[in-house]
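The file input.pdb contains PDB, C-alpha atoms, pLDDT in the B column:
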```pdb
ATOM      1  CA  MET A   2     -28.487 -31.357 -20.834  1.00 57.00           C
ATOM      2  CA  PRO A   3     -29.630 -27.718 -20.259  1.00 64.00           C
ATOM      3  CA  ALA A   4     -27.687 -25.708 -17.721  1.00 67.00           C
ATOM      4  CA  SER A   5     -29.415 -25.118 -14.412  1.00 75.00           C
ATOM      5  CA  ALA A   6     -30.207 -21.638 -13.130  1.00 68.00           C
ATOM      6  CA  GLU A   7     -27.411 -22.040 -10.599  1.00 74.00           C
ATOM      7  CA  GLN A   8     -24.901 -22.930 -13.333  1.00 68.00           C
ATOM      8  CA  LYS A   9     -25.979 -19.944 -15.438  1.00 66.00           C
ATOM      9  CA  GLN A  10     -25.622 -17.667 -12.447  1.00 75.00           C
ATOM     10  CA  GLY A  11     -22.147 -19.066 -11.783  1.00 73.00           C
ATOM     11  CA  ARG A  12     -21.091 -18.470 -15.389  1.00 76.00           C
ATOM     12  CA  ARG A  13     -22.370 -14.897 -15.301  1.00 70.00           C
ATOM     13  CA  ALA A  14     -20.469 -14.269 -12.067  1.00 74.00           C
ATOM     14  CA  ALA A  15     -17.297 -15.753 -13.554  1.00 76.00           C
ATOM     15  CA  LEU A  16     -17.678 -13.549 -16.645  1.00 74.00           C
ATOM     16  CA  ARG A  17     -18.155 -10.435 -14.496  1.00 79.00           C
ATOM     17  CA  SER A  18     -15.082 -11.349 -12.476  1.00 82.00           C
ATOM     18  CA  PHE A  19     -13.059 -11.901 -15.661  1.00 85.00           C
ATOM     19  CA  LYS A  20     -14.093  -8.514 -17.059  1.00 88.00           C
ATOM     20  CA  ARG A  21     -13.347  -6.806 -13.758  1.00 91.00           C
ATOM     21  CA  GLU A  22      -9.836  -8.249 -13.642  1.00 92.00           C
ATOM     22  CA  ALA A  23      -9.270  -7.297 -17.288  1.00 93.00           C
ATOM     23  CA  ILE A  24     -10.267  -3.712 -16.480  1.00 95.00           C
ATOM     24  CA  LEU A  25      -7.947  -3.588 -13.459  1.00 93.00           C
ATOM     25  CA  ASP A  26      -5.029  -5.008 -15.453  1.00 93.00           C
ATOM     26  CA  ALA A  27      -5.593  -2.490 -18.240  1.00 94.00           C
ATOM     27  CA  ALA A  28      -5.988   0.376 -15.776  1.00 92.00           C
ATOM     28  CA  ARG A  29      -2.647  -0.389 -14.163  1.00 89.00           C
ATOM     29  CA  GLY A  30      -0.892   0.217 -17.476  1.00 88.00           C
ATOM     30  CA  VAL A  31      -2.910   3.348 -18.239  1.00 91.00           C
ATOM     31  CA  PHE A  32      -2.268   4.843 -14.797  1.00 86.00           C
ATOM     32  CA  ALA A  33       1.446   4.051 -15.120  1.00 80.00           C
ATOM     33  CA  ALA A  34       1.642   5.831 -18.474  1.00 84.00           C
ATOM     34  CA  GLN A  35      -0.726   8.761 -17.906  1.00 84.00           C
ATOM     35  CA  GLY A  36      -1.172   9.113 -14.156  1.00 80.00           C
ATOM     36  CA  LEU A  37      -4.514   9.469 -12.461  1.00 81.00           C
ATOM     37  CA  GLU A  38      -5.234  12.918 -13.876  1.00 82.00           C
ATOM     38  CA  GLY A  39      -4.428  11.966 -17.478  1.00 86.00           C
ATOM     39  CA  ALA A  40      -6.217   8.614 -17.453  1.00 90.00           C
ATOM     40  CA  THR A  41      -9.737   8.285 -18.841  1.00 95.00           C
ATOM     41  CA  ILE A  42     -12.348   5.565 -18.768  1.00 96.00           C
ATOM     42  CA  ARG A  43     -12.170   5.414 -22.582  1.00 96.00           C
ATOM     43  CA  ALA A  44      -8.398   4.846 -22.487  1.00 96.00           C
ATOM     44  CA  ILE A  45      -8.842   2.072 -19.917  1.00 96.00           C
ATOM     45  CA  ALA A  46     -11.630   0.495 -21.980  1.00 95.00           C
ATOM     46  CA  ASP A  47      -9.503   0.624 -25.137  1.00 95.00           C
ATOM     47  CA  ALA A  48      -6.585  -1.004 -23.315  1.00 95.00           C
ATOM     48  CA  ALA A  49      -8.906  -3.751 -22.050  1.00 93.00           C
ATOM     49  CA  GLY A  50     -10.495  -4.246 -25.480  1.00 93.00           C
ATOM     50  CA  ILE A  51     -14.017  -3.502 -24.263  1.00 93.00           C
ATOM     51  CA  ALA A  52     -16.557  -0.693 -24.577  1.00 94.00           C
ATOM     52  CA  PRO A  53     -16.509   2.210 -22.072  1.00 94.00           C
ATOM     53  CA  GLY A  54     -20.053   1.284 -21.061  1.00 95.00           C
ATOM     54  CA  THR A  55     -18.798  -2.110 -19.907  1.00 93.00           C
ATOM     55  CA  VAL A  56     -16.292  -0.405 -17.626  1.00 95.00           C
ATOM     56  CA  TYR A  57     -19.052   1.699 -16.095  1.00 95.00           C
ATOM     57  CA  LEU A  58     -21.033  -1.453 -15.346  1.00 93.00           C
ATOM     58  CA  GLN A  59     -18.168  -2.489 -13.050  1.00 93.00           C
ATOM     59  CA  PHE A  60     -16.837   0.829 -11.735  1.00 94.00           C
ATOM     60  CA  ALA A  61     -18.452   4.222 -11.212  1.00 92.00           C
ATOM     61  CA  SER A  62     -15.308   6.193 -12.097  1.00 92.00           C
ATOM     62  CA  LYS A  63     -11.583   5.990 -12.774  1.00 92.00           C
ATOM     63  CA  GLU A  64     -11.073   6.965  -9.122  1.00 90.00           C
ATOM     64  CA  ALA A  65     -13.030   3.884  -8.061  1.00 91.00           C
ATOM     65  CA  ILE A  66     -10.788   1.716 -10.251  1.00 93.00           C
ATOM     66  CA  TYR A  67      -7.672   3.243  -8.762  1.00 90.00           C
ATOM     67  CA  ALA A  68      -9.038   2.850  -5.232  1.00 89.00           C
ATOM     68  CA  GLU A  69      -9.730  -0.867  -5.736  1.00 91.00           C
ATOM     69  CA  MET A  70      -6.201  -1.391  -7.032  1.00 90.00           C
ATOM     70  CA  LEU A  71      -4.627   0.468  -4.117  1.00 88.00           C
ATOM     71  CA  GLN A  72      -6.937  -1.155  -1.567  1.00 89.00           C
ATOM     72  CA  ALA A  73      -5.831  -4.607  -2.734  1.00 91.00           C
ATOM     73  CA  SER A  74      -2.195  -3.510  -2.588  1.00 91.00           C
ATOM     74  CA  LEU A  75      -2.560  -2.198   0.975  1.00 92.00           C
ATOM     75  CA  ALA A  76      -4.353  -5.371   2.055  1.00 93.00           C
ATOM     76  CA  ASP A  77      -1.398  -7.385   0.751  1.00 94.00           C
ATOM     77  CA  LEU A  78       0.992  -5.032   2.560  1.00 94.00           C
ATOM     78  CA  LEU A  79      -0.828  -5.555   5.861  1.00 94.00           C
ATOM     79  CA  LYS A  80      -0.808  -9.330   5.358  1.00 96.00           C
ATOM     80  CA  SER A  81       2.905  -9.268   4.579  1.00 95.00           C
ATOM     81  CA  MET A  82       3.704  -7.217   7.679  1.00 95.00           C
ATOM     82  CA  ARG A  83       1.611  -9.461   9.928  1.00 96.00           C
ATOM     83  CA  GLU A  84       3.444 -12.496   8.580  1.00 96.00           C
ATOM     84  CA  ALA A  85       6.784 -10.816   9.264  1.00 96.00           C
ATOM     85  CA  VAL A  86       5.993  -9.862  12.863  1.00 95.00           C
ATOM     86  CA  ASP A  87       6.061 -12.561  15.534  1.00 95.00           C
ATOM     87  CA  PRO A  88       3.580 -11.415  18.213  1.00 92.00           C
ATOM     88  CA  ALA A  89       5.497 -13.416  20.836  1.00 92.00           C
ATOM     89  CA  ALA A  90       8.794 -11.669  20.099  1.00 95.00           C
ATOM     90  CA  LEU A  91      10.290  -8.830  22.123  1.00 96.00           C
ATOM     91  CA  PRO A  92       9.039  -5.334  21.199  1.00 95.00           C
ATOM     92  CA  GLU A  93      12.339  -4.316  19.582  1.00 96.00           C
ATOM     93  CA  ALA A  94      12.282  -7.428  17.397  1.00 97.00           C
ATOM     94  CA  ARG A  95       8.655  -6.756  16.422  1.00 97.00           C
ATOM     95  CA  LEU A  96       9.486  -3.154  15.575  1.00 97.00           C
ATOM     96  CA  LEU A  97      12.383  -4.101  13.303  1.00 97.00           C
ATOM     97  CA  ALA A  98      10.396  -6.927  11.694  1.00 97.00           C
ATOM     98  CA  GLY A  99       7.475  -4.586  11.009  1.00 97.00           C
ATOM     99  CA  ALA A 100       9.668  -1.859   9.530  1.00 97.00           C
ATOM    100  CA  LEU A 101      11.558  -4.303   7.326  1.00 97.00           C
ATOM    101  CA  GLY A 102       8.316  -6.074   6.413  1.00 96.00           C
ATOM    102  CA  PHE A 103       6.962  -2.776   5.062  1.00 96.00           C
ATOM    103  CA  TYR A 104      10.211  -2.056   3.234  1.00 96.00           C
ATOM    104  CA  HIS A 105      10.640  -5.539   1.744  1.00 96.00           C
ATOM    105  CA  PHE A 106       7.044  -5.609   0.475  1.00 96.00           C
ATOM    106  CA  TYR A 107       7.688  -2.637  -1.776  1.00 94.00           C
ATOM    107  CA  GLN A 108      11.128  -3.917  -2.694  1.00 93.00           C
ATOM    108  CA  ARG A 109       9.517  -7.115  -3.991  1.00 93.00           C
ATOM    109  CA  ARG A 110       6.674  -5.238  -5.649  1.00 90.00           C
ATOM    110  CA  PRO A 111       7.994  -1.924  -6.986  1.00 87.00           C
ATOM    111  CA  GLU A 112       4.890  -1.528  -9.144  1.00 83.00           C
ATOM    112  CA  ASP A 113       2.880  -1.179  -5.919  1.00 86.00           C
ATOM    113  CA  LEU A 114       5.190   1.601  -4.765  1.00 86.00           C
ATOM    114  CA  HIS A 115       4.590   3.363  -8.076  1.00 80.00           C
ATOM    115  CA  LEU A 116       0.858   2.815  -7.630  1.00 78.00           C
ATOM    116  CA  GLY A 117       0.914   4.581  -4.294  1.00 73.00           C
ATOM    117  CA  LEU A 118       2.909   7.460  -5.755  1.00 68.00           C
ATOM    118  CA  TYR A 119       0.451   8.156  -8.577  1.00 57.00           C
ATOM    119  CA  LEU A 120      -1.413  10.416  -6.163  1.00 50.00           C
ATOM    120  CA  ALA A 121       1.690  12.547  -5.639  1.00 46.00           C
ATOM    121  CA  GLN A 122       2.644  13.421  -9.198  1.00 46.00           C
ATOM    122  CA  GLY A 123       5.194  16.190  -9.031  1.00 42.00           C
ATOM    123  CA  LEU A 124       4.873  15.988  -5.223  1.00 40.00           C
ATOM    124  CA  LYS A 125       1.443  17.605  -5.517  1.00 46.00           C
ATOM    125  CA  PRO A 126      -1.187  15.531  -3.652  1.00 48.00           C
ATOM    126  CA  ILE A 127      -4.167  14.707  -5.846  1.00 55.00           C
ATOM    127  CA  GLY A 128      -6.509  12.575  -3.766  1.00 60.00           C
ATOM    128  CA  LEU A 129      -9.593  10.680  -4.866  1.00 67.00           C
ATOM    129  CA  THR A 130     -12.936  11.329  -3.218  1.00 72.00           C
ATOM    130  CA  PRO A 131     -13.321  11.989   0.528  1.00 76.00           C
ATOM    131  CA  GLN A 132     -14.940   8.573   1.016  1.00 78.00           C
ATOM    132  CA  LEU A 133     -12.270   6.688  -0.935  1.00 75.00           C
ATOM    133  CA  ASP A 134      -9.485   8.663   0.742  1.00 77.00           C
ATOM    134  CA  ARG A 135     -10.837   7.754   4.192  1.00 81.00           C
ATOM    135  CA  MET A 136     -11.066   4.092   3.263  1.00 79.00           C
ATOM    136  CA  LEU A 137      -7.512   3.944   1.877  1.00 81.00           C
ATOM    137  CA  ASN A 138      -6.092   5.974   4.764  1.00 83.00           C
ATOM    138  CA  GLY A 139      -7.718   3.518   7.151  1.00 86.00           C
ATOM    139  CA  ARG A 140      -5.946   0.635   5.412  1.00 86.00           C
ATOM    140  CA  LEU A 141      -2.599   2.388   5.704  1.00 87.00           C
ATOM    141  CA  ILE A 142      -3.193   3.254   9.356  1.00 90.00           C
ATOM    142  CA  GLN A 143      -3.719  -0.461  10.053  1.00 91.00           C
ATOM    143  CA  CYS A 144      -0.245  -1.137   8.684  1.00 91.00           C
ATOM    144  CA  PHE A 145       1.368   1.605  10.752  1.00 93.00           C
ATOM    145  CA  SER A 146      -0.526   0.447  13.854  1.00 94.00           C
ATOM    146  CA  LEU A 147       1.653  -2.679  13.880  1.00 93.00           C
ATOM    147  CA  LEU A 148       4.635  -0.386  14.353  1.00 95.00           C
ATOM    148  CA  GLY A 149       2.782   1.631  17.004  1.00 96.00           C
ATOM    149  CA  ASP A 150       1.991  -1.510  18.998  1.00 95.00           C
ATOM    150  CA  ALA A 151       5.692  -2.408  19.106  1.00 95.00           C
ATOM    151  CA  ILE A 152       6.628   1.143  20.092  1.00 96.00           C
ATOM    152  CA  GLY A 153       4.101   0.937  22.934  1.00 95.00           C
ATOM    153  CA  GLY A 154       5.853  -2.232  24.095  1.00 94.00           C
ATOM    154  CA  LEU A 155       9.068  -0.254  24.495  1.00 94.00           C
ATOM    155  CA  GLY A 156       7.570   1.731  27.354  1.00 91.00           C
ATOM    156  CA  VAL A 157       5.911   4.579  25.488  1.00 93.00           C
ATOM    157  CA  THR A 158       2.494   4.809  27.108  1.00 90.00           C
ATOM    158  CA  GLU A 159       1.189   8.208  26.018  1.00 95.00           C
ATOM    159  CA  PRO A 160      -1.009   7.800  22.905  1.00 95.00           C
ATOM    160  CA  GLU A 161       0.206  11.059  21.363  1.00 96.00           C
ATOM    161  CA  ARG A 162       3.818  10.016  21.867  1.00 95.00           C
ATOM    162  CA  VAL A 163       3.147   6.622  20.275  1.00 96.00           C
ATOM    163  CA  ARG A 164       1.554   8.395  17.314  1.00 95.00           C
ATOM    164  CA  ALA A 165       4.479  10.801  16.920  1.00 96.00           C
ATOM    165  CA  GLU A 166       7.089   8.027  17.106  1.00 96.00           C
ATOM    166  CA  THR A 167       5.136   5.909  14.619  1.00 96.00           C
ATOM    167  CA  VAL A 168       4.953   8.819  12.181  1.00 94.00           C
ATOM    168  CA  GLU A 169       8.695   9.386  12.562  1.00 95.00           C
ATOM    169  CA  LEU A 170       9.477   5.755  11.741  1.00 96.00           C
ATOM    170  CA  ALA A 171       6.958   5.631   8.875  1.00 93.00           C
ATOM    171  CA  THR A 172       8.580   8.739   7.423  1.00 93.00           C
ATOM    172  CA  SER A 173      11.990   7.071   7.599  1.00 95.00           C
ATOM    173  CA  ILE A 174      10.707   3.926   5.880  1.00 95.00           C
ATOM    174  CA  CYS A 175       9.006   5.821   3.057  1.00 91.00           C
ATOM    175  CA  GLY A 176      11.978   8.121   2.569  1.00 93.00           C
ATOM    176  CA  THR A 177      14.316   5.139   2.436  1.00 95.00           C
ATOM    177  CA  LEU A 178      12.125   3.467  -0.167  1.00 93.00           C
ATOM    178  CA  LEU A 179      12.233   6.549  -2.367  1.00 90.00           C
ATOM    179  CA  LEU A 180      15.994   6.920  -2.067  1.00 93.00           C
ATOM    180  CA  GLN A 181      16.487   3.229  -2.781  1.00 92.00           C
ATOM    181  CA  ALA A 182      14.118   3.287  -5.774  1.00 88.00           C
ATOM    182  CA  THR A 183      15.888   6.287  -7.325  1.00 89.00           C
ATOM    183  CA  GLY A 184      19.362   4.832  -6.793  1.00 91.00           C
ATOM    184  CA  ARG A 185      20.416   7.611  -4.411  1.00 93.00           C
ATOM    185  CA  LEU A 186      21.270   5.241  -1.564  1.00 92.00           C
ATOM    186  CA  ARG A 187      23.540   3.218  -3.818  1.00 92.00           C
ATOM    187  CA  MET A 188      25.229   6.443  -4.884  1.00 93.00           C
ATOM    188  CA  LEU A 189      25.831   7.232  -1.192  1.00 93.00           C
ATOM    189  CA  GLY A 190      27.240   3.768  -0.584  1.00 95.00           C
ATOM    190  CA  ASP A 191      24.377   2.482   1.536  1.00 96.00           C
ATOM    191  CA  GLU A 192      21.413   0.104   1.331  1.00 95.00           C
ATOM    192  CA  GLY A 193      17.841   0.421   2.497  1.00 95.00           C
ATOM    193  CA  GLU A 194      17.716  -2.518   4.893  1.00 96.00           C
ATOM    194  CA  ALA A 195      20.908  -1.372   6.622  1.00 96.00           C
ATOM    195  CA  VAL A 196      19.585   2.180   6.944  1.00 97.00           C
ATOM    196  CA  LEU A 197      16.325   1.046   8.536  1.00 97.00           C
ATOM    197  CA  THR A 198      18.073  -1.406  10.846  1.00 97.00           C
ATOM    198  CA  ARG A 199      20.176   1.480  12.157  1.00 97.00           C
ATOM    199  CA  GLN A 200      17.146   3.772  12.418  1.00 96.00           C
ATOM    200  CA  VAL A 201      15.183   1.233  14.447  1.00 97.00           C
ATOM    201  CA  GLY A 202      18.212   0.532  16.621  1.00 96.00           C
ATOM    202  CA  HIS A 203      18.610   4.225  17.439  1.00 96.00           C
ATOM    203  CA  MET A 204      14.877   4.505  18.166  1.00 96.00           C
ATOM    204  CA  VAL A 205      14.936   1.525  20.518  1.00 96.00           C
ATOM    205  CA  GLU A 206      17.950   2.904  22.413  1.00 94.00           C
ATOM    206  CA  ARG A 207      16.321   6.295  22.746  1.00 93.00           C
ATOM    207  CA  LEU A 208      12.953   4.954  23.861  1.00 93.00           C
ATOM    208  CA  ARG A 209      14.440   2.423  26.254  1.00 87.00           C
ATOM    209  CA  GLY A 210      16.431   5.293  27.781  1.00 81.00           C
ATOM    210  CA  ARG A 211      13.200   7.228  28.455  1.00 58.00           C
ATOM    211  CA  ARG A 212      11.948   4.678  30.969  1.00 48.00           C
TER     212      ARG A 212
END
```
Would you mind writing the file out in structure tokens?
Amino acid sequence: MPASAEQKQGRRAALRSFKREAILDAARGVFAAQGLEGATIRAIADAAGIAPGTVYLQFASKEAIYAEMLQASLADLLKSMREAVDPAALPEARLLAGALGFYHFYQRRPEDLHLGLYLAQGLKPIGLTPQLDRMLNGRLIQCFSLLGDAIGGLGVTEPERVRAETVELATSICGTLLLQATGRLRMLGDEGEAVLTRQVGHMVERLRGRR
């Protein structure tokens, strides 16, 4: 029995989706080995076993491929943090849960931490395109806003103060992740979760004292 137009359309969509996932999987390995600057569409196509033209049918550039990978990672991070934070809990509990939710996500998925660091090879920011950078920054801001909401619940009402405190905590989380990933915390006889628990505790005491 001949396939209907709807069935053919479904098969074409499934094939496109399969190729897209194959490109993303191949790109992850190429970016890991060569970084964003060293990667090329041809190298990604070779790794995926397809022609470069097929890659361009799915993505306009290697930056677009990278952005889709990082966007998916940040969406998973936001979901993980929302699942970790009980909106009915006290602000200090929400703040600790959000900070540890961020930390534990990258502990479970170190490849996602590496993905986010590809743009800082040698600590030199690379960036994508202005449009892609804005989109990805917006995703990350959503994650940090969960921390800002909890900080606001601790009595910090000035928006600029909430922003500054959120940045301070985000800096502590990211720094802890780097030290944990490089083994430096272990060398110093400490552990990431314990460090962040202390950091949040000190922040809560300080902010509660400002009331």
On this file, the PyMOL selection byres ((chain A and resi 77) around 12) gives some set of residues; write that set as a ChimeraX atom specification.
/A:70-76,78-84,102-103,106-107,109-110,113,140-141,143-144
To verify the selection step, state as a PyMOL selection string which residues the PyMOL selection byres ((chain A and resi 100) around 9) yields on this input.
chain A and resi 82+95-99+101-105+148+170-171+174+197-198+201
Between atom CA of Arg164 of chain A and atom CA of Asp87 of chain A, what distance in Å does the model show, to one decimal?
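Atom-to-atom, atom CA of Arg164 of chain A and atom CA of Asp87 of chain A are spaced 21.5 Å apart.
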Give me, as an MDAnalysis selection string, all polymer residues having an atom no more than 10 Å from Ile51 of chain A, counting all atoms listed in the file and skipping those fewer than 6 positions away in the same chain.
chainID A and resid 20 23:24 43 45
Nearest to Glu206 of chain A by atom-to-atom distance, counting only C-alpha atoms, from A:Leu155, A:Val163, A:Ala94, A:Met188:
A:Leu155
Pick out the closest residue to Val56 of chain A from this set: A:Leu147, A:Val157, A:Leu116, A:Ala28. Count only C-alpha atoms.
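Using only C-alpha atoms, the shortest distance to Val56 of chain A belongs to A:Ala28.
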Just how far from atom CA of Glu93 of chain A is atom CA of Gly202 of chain A, in Å to one decimal?
8.2 Å
Using the chain letters and numbers from the file, which residues does the PyMOL selection byres ((chain A and resi 26) around 12) grab, as a PyMOL selection string?
chain A and resi 19-25+27-33+45-46+48-50+66-67+69-70
Can you write just those residues out, C-alpha atoms, as an mmCIF file, in the coordinates of the input?
```cif
data_model
loop_
_atom_site.group_PDB
_atom_site.id
_atom_site.type_symbol
_atom_site.label_atom_id
_atom_site.label_comp_id
_atom_site.auth_asym_id
_atom_site.auth_seq_id
_atom_site.Cartn_x
_atom_site.Cartn_y
_atom_site.Cartn_z
ATOM 1 C CA PHE A 19 -13.059 -11.901 -15.661
ATOM 2 C CA LYS A 20 -14.093 -8.514 -17.059
ATOM 3 C CA ARG A 21 -13.347 -6.806 -13.758
ATOM 4 C CA GLU A 22 -9.836 -8.249 -13.642
ATOM 5 C CA ALA A 23 -9.270 -7.297 -17.288
ATOM 6 C CA ILE A 24 -10.267 -3.712 -16.480
ATOM 7 C CA LEU A 25 -7.947 -3.588 -13.459
ATOM 8 C CA ALA A 27 -5.593 -2.490 -18.240
ATOM 9 C CA ALA A 28 -5.988 0.376 -15.776
ATOM 10 C CA ARG A 29 -2.647 -0.389 -14.163
ATOM 11 C CA GLY A 30 -0.892 0.217 -17.476
ATOM 12 C CA VAL A 31 -2.910 3.348 -18.239
ATOM 13 C CA PHE A 32 -2.268 4.843 -14.797
ATOM 14 C CA ALA A 33 1.446 4.051 -15.120
ATOM 15 C CA ILE A 45 -8.842 2.072 -19.917
ATOM 16 C CA ALA A 46 -11.630 0.495 -21.980
ATOM 17 C CA ALA A 48 -6.585 -1.004 -23.315
ATOM 18 C CA ALA A 49 -8.906 -3.751 -22.050
ATOM 19 C CA GLY A 50 -10.495 -4.246 -25.480
ATOM 20 C CA ILE A 66 -10.788 1.716 -10.251
ATOM 21 C CA TYR A 67 -7.672 3.243 -8.762
ATOM 22 C CA GLU A 69 -9.730 -0.867 -5.736
ATOM 23 C CA MET A 70 -6.201 -1.391 -7.032
#
```
With all atoms listed in the file as the atoms that count, which of A:Leu208, A:Gly184, A:Gly117, A:Thr41 lies nearest to Arg162 of chain A?
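Among the listed residues, the smallest separation from Arg162 of chain A belongs to A:Leu208.
A straight line drawn from atom CA of Val196 of chain A to atom CA of Thr172 of chain A is 12.8 Å long.
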Might I get the box with edges along x, y and z of the file that holds all atoms of segment 23-28 of chain A listed there, padded by 8 Å on every side, given as centre and edge lengths in Å to one decimal, as lines of an AutoDock Vina configuration file?
```
center_x = -7.6
center_y = -3.5
center_z = -15.8
size_x = 21.2
size_y = 23.7
size_z = 20.8
```
Pick from A:Val86, A:Val168, A:Glu194, A:Ile152: nearest to Leu180 of chain A, with only C-alpha atoms counted?
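Looking only at the distances to Leu180 of chain A, the closest residue turns out to be A:Glu194.
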Given only C-alpha atoms as the basis, pick out the residue of A:Gly193, A:Gly39, A:Gly149, A:Gly154 nearest to Ala89 of chain A.
A:Gly154
